[in-house]
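Participant: Please find coords28.txt (compact mmCIF, C-alpha atoms) on the next line:
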```
# COMPACT_ATOMS: atom_id res chain seq x y z
CA MET A 1 171.72 62.89 83.84
CA GLY A 2 169.25 63.82 86.51
CA SER A 3 167.13 62.10 89.05
CA GLU A 4 163.88 61.24 87.35
CA ASP A 5 161.60 58.41 88.37
CA ASN A 6 162.80 56.15 85.56
CA GLN A 7 166.47 57.24 85.55
CA ILE A 8 168.91 54.40 86.07
CA GLN A 9 171.17 54.74 89.11
CA SER A 10 174.14 52.87 90.54
CA LYS A 11 175.26 52.29 94.13
CA VAL A 12 178.90 53.01 94.88
CA LEU A 13 181.05 52.38 97.94
CA VAL A 14 182.98 55.42 99.21
CA TYR A 15 185.81 55.82 101.70
CA ASP A 16 187.75 59.05 101.94
CA VAL A 17 189.56 60.51 104.94
CA ASP A 18 189.09 64.14 103.84
CA PRO A 19 185.71 65.56 104.95
CA ALA A 20 185.86 68.25 102.24
CA GLU A 21 186.35 65.58 99.58
CA MET A 22 183.41 63.61 100.99
CA ASP A 23 181.24 66.72 100.59
CA PHE A 24 182.49 67.14 97.02
CA LEU A 25 181.72 63.49 96.22
CA ARG A 26 178.27 63.72 97.82
CA ASN A 27 177.40 66.63 95.52
CA PHE A 28 178.94 64.88 92.53
CA PHE A 29 176.90 61.73 93.20
CA LYS A 30 173.65 63.70 93.42
CA GLY A 31 174.22 65.10 89.95
CA HIS A 32 175.31 61.82 88.37
CA ASP A 33 172.69 59.30 89.51
CA LEU A 34 174.96 57.61 92.04
CA ILE A 35 173.94 56.37 95.47
CA GLY A 36 176.96 56.63 97.75
CA LEU A 37 177.36 54.14 100.58
CA ARG A 38 179.88 55.77 102.91
CA ALA A 39 182.19 53.80 105.15
CA GLU A 40 183.08 55.56 108.42
CA ASN A 41 186.37 53.65 108.78
CA SER A 42 188.48 51.08 106.97
CA ASP A 43 187.03 48.21 109.02
CA GLY A 44 183.50 49.22 108.07
CA LEU A 45 184.46 49.34 104.41
CA LEU A 46 184.87 45.57 104.16
CA GLY A 47 181.60 45.01 106.02
CA ILE A 48 179.69 47.26 103.64
CA LEU A 49 181.28 45.49 100.68
CA ARG A 50 180.18 42.09 101.99
CA GLN A 51 176.62 43.28 102.74
CA ASN A 52 176.03 45.02 99.42
CA ILE A 53 176.36 42.80 96.40
CA ASP A 54 174.71 45.35 94.12
CA LEU A 55 177.52 47.87 93.75
CA GLY A 56 178.76 49.63 90.63
CA ALA A 57 182.17 50.95 91.78
CA ILE A 58 184.42 51.85 94.70
CA PHE A 59 185.83 55.33 95.43
CA LEU A 60 188.92 55.43 97.68
CA CYS A 61 191.57 57.95 98.66
CA GLU A 62 195.30 57.33 98.56
CA GLU A 63 195.98 58.82 102.02
CA ALA A 64 196.30 56.59 105.06
CA ASP A 65 193.48 56.70 107.60
CA SER A 66 193.79 57.17 111.37
CA HIS A 67 194.73 53.48 111.73
CA GLY A 68 197.59 53.89 109.23
CA VAL A 69 195.83 51.87 106.51
CA SER A 70 196.60 53.36 103.11
CA GLY A 71 194.18 53.58 100.23
CA MET A 72 196.32 51.18 98.21
CA ASP A 73 196.24 48.62 101.05
CA LEU A 74 192.46 48.89 101.08
CA ALA A 75 192.27 48.76 97.29
CA ALA A 76 194.32 45.54 97.26
CA GLN A 77 191.99 43.91 99.81
CA LEU A 78 188.86 45.07 98.00
CA HIS A 79 190.22 43.99 94.62
CA THR A 80 190.91 40.52 96.02
CA LEU A 81 187.33 40.24 97.28
CA ARG A 82 185.55 41.83 94.30
CA ALA A 83 187.87 42.12 91.30
CA GLU A 84 184.95 42.96 89.00
CA LEU A 85 184.27 46.31 90.68
CA PRO A 86 186.13 49.31 89.26
CA ILE A 87 188.18 51.14 91.90
CA PHE A 88 188.71 54.88 91.49
CA LEU A 89 191.59 56.18 93.62
CA ARG A 90 191.83 59.86 94.60
CA ARG A 91 195.51 60.72 94.60
CA GLU A 92 197.26 62.80 97.24
CA LYS A 93 197.99 66.34 96.06
CA LYS A 94 201.72 65.61 95.84
CA ASN A 95 201.03 62.61 93.55
CA VAL A 96 198.50 64.16 91.17
CA GLY A 97 199.88 63.90 87.66
CA THR A 98 202.32 61.15 88.61
CA PRO A 99 201.62 57.95 86.66
CA MET A 100 200.21 55.05 88.63
CA THR A 101 202.66 52.28 89.47
CA GLU A 102 202.29 48.88 87.85
CA GLU A 103 200.65 47.53 91.02
CA MET A 104 198.23 50.46 91.14
CA GLU A 105 197.27 49.89 87.50
CA ARG A 106 196.63 46.21 88.23
CA ILE A 107 194.36 46.98 91.19
CA CYS A 108 192.79 50.37 90.46
CA THR A 109 190.76 51.14 87.38
CA ALA A 110 191.76 54.81 87.34
CA ASP A 111 192.96 57.69 89.47
CA TYR A 112 191.81 61.28 89.82
CA GLY A 113 192.73 64.44 91.70
CA SER A 114 190.78 66.18 94.42
CA GLY A 115 187.85 68.11 92.99
CA ASP A 116 188.47 66.86 89.43
CA LEU A 117 184.90 66.95 88.19
CA PHE A 118 185.83 66.38 84.54
CA THR A 119 187.80 63.16 85.17
CA LEU A 120 185.19 61.79 87.59
CA THR A 121 182.42 62.41 85.07
CA GLN A 122 184.40 60.59 82.38
CA LEU A 123 185.10 57.65 84.71
CA VAL A 124 181.46 57.29 85.74
CA ASN A 125 180.25 57.49 82.15
CA ARG A 126 182.86 55.02 80.94
CA TYR A 127 182.79 52.42 83.71
CA LEU A 128 179.33 52.65 85.26
CA PHE A 129 176.92 54.04 82.70
CA ASN A 130 178.55 52.65 79.58
CA ARG A 131 175.54 50.62 78.50
CA TYR A 132 172.59 51.98 76.63
CA TYR A 133 169.26 51.38 78.32
CA PRO A 134 166.46 53.39 76.71
CA ASN A 135 164.28 54.93 79.40
CA HIS A 136 161.11 53.60 77.76
CA ILE A 137 162.37 49.99 78.14
CA THR A 138 162.87 50.18 81.91
CA PRO A 139 159.14 50.29 82.86
CA VAL A 140 158.39 47.47 80.40
CA LEU A 141 161.02 45.27 82.05
CA ALA A 142 159.71 46.16 85.51
CA GLU A 143 156.10 45.33 84.57
CA SER A 144 157.13 42.05 82.98
CA THR A 145 159.13 41.06 86.06
CA ILE A 146 156.29 42.00 88.42
CA GLU A 147 153.81 39.93 86.41
CA SER A 148 156.13 36.92 86.44
CA LEU A 149 156.68 37.14 90.19
CA GLN A 150 152.95 37.54 90.87
CA ASP A 151 152.33 34.33 88.90
CA VAL A 152 154.84 32.50 91.08
CA PHE A 153 153.79 34.06 94.41
CA GLU A 154 150.00 34.13 94.24
CA GLY A 155 148.38 36.74 96.47
CA ALA A 156 151.64 38.62 97.05
CA THR A 157 151.89 42.31 96.33
CA ILE A 158 154.99 42.92 94.23
CA THR A 159 156.42 46.42 93.79
CA CYS A 160 159.44 47.64 91.89
CA GLY A 161 161.80 50.33 93.10
CA MET A 162 164.17 52.59 91.21
CA PRO A 163 166.29 50.68 88.68
CA TYR A 164 170.07 50.82 89.03
CA LEU A 165 173.12 49.38 87.33
CA ILE A 166 175.57 47.09 89.03
CA ARG A 167 178.86 45.64 88.02
CA ASP A 168 178.96 42.46 89.99
CA ARG A 169 179.57 38.83 89.22
CA VAL A 170 177.99 37.75 92.53
CA LEU A 171 174.45 38.26 91.25
```
Would it be possible to restate this file's structure as C-alpha cells?
Facilitator:
Amino acid sequence: MGSEDNQIQSKVLVYDVDPAEMDFLRNFFKGHDLIGLRAENSDGLLGILRQNIDLGAIFLCEEADSHGVSGMDLAAQLHTLRAELPIFLRREKKNVGTPMTEEMERICTADYGSGDLFTLTQLVNRYLFNRYYPNHITPVLAESTIESLQDVFEGATITCGMPYLIRDRVL
C-alpha cells in the first residue's frame, strides 16, 4: 500500500496510554493507508466515536489510563455503542501470548503485542482492506457521484476528496 491520490484509506480511532506505542502506531498508519484519530483521554474517546461515523476500526490498549479505566472497560462501552467496528486490543507485556478470555473474544476482534508489525498488518488487511476495489473504478465512481449531485444542486460546485473505507452500519 502507499499513499497515492487514488489509494483507498480508512479512518481509525486510537487510544493508547503508552507514548512510544502511539509513535509506533502513527508510523504504522502512515504506511498502511490509515488515518488515525487520536483520543487524548478515555472521556474524549467516546466523543470522537460519536462525532465520526465514518470509522473503519478502533485500536485500544489493555492498560488502565490515569483515571483507572482499563482498555477492556473502554472496549465494552465502545462495543455497545458501535458493535460493527472491529476493536484491536494491544495486550500488556505480561499478557502477550495469553489467550483472550471469553468476554474479550466477544468484545474485541483481535489482540496484538506492542510493536507487532506482522500481526497488525494481517489485522488491517483482513478486517479493513478485505474488499477488492480496483483503483481504476474509484475515479469513475467519484465522477458519477459528482455528476449526480450537480444535477440535484444546480449551480453548486461539487468536489470529491480522497476515498476511504468504513465499516459502519450508521451510514
Participant: Taking all atoms listed in the file into account, name the residue in A:Tyr127, A:Phe153, A:Tyr15, A:Phe88 that is nearest to Leu49 (chain A).
Facilitator: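 Residue with the minimum atom-to-atom distance to Leu49 (chain A): A:Tyr15.
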Participant: Set the distance at 8 Å and use all atoms listed in the file: which residues neighbour Phe59 (chain A) once local chain neighbours fewer than 6 positions away are removed? I'd like the list as a PyMOL selection string.
Facilitator: chain A and resi 12-16+87-90
Participant: Tell me which of A:Thr138, A:Gln9, A:Thr159, A:Ser144 sits closest to Asp33 (chain A), counting all atoms listed in the file.
Facilitator: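 Closest to Asp33 (chain A), using all atoms listed in the file: A:Gln9.
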Participant: Neighbours of Ala75 (chain A) within 9 Å (only C-alpha atoms; same-chain residues fewer than 5 positions away dropped), as a PyMOL selection string?
Facilitator: chain A and resi 58+60+70+80+87+89+104+107-108
Participant: Report, in Å to a single decimal, how far apart CA of Ala57 (chain A) and CA of Lys30 (chain A) are.
Facilitator: 15.4 Å
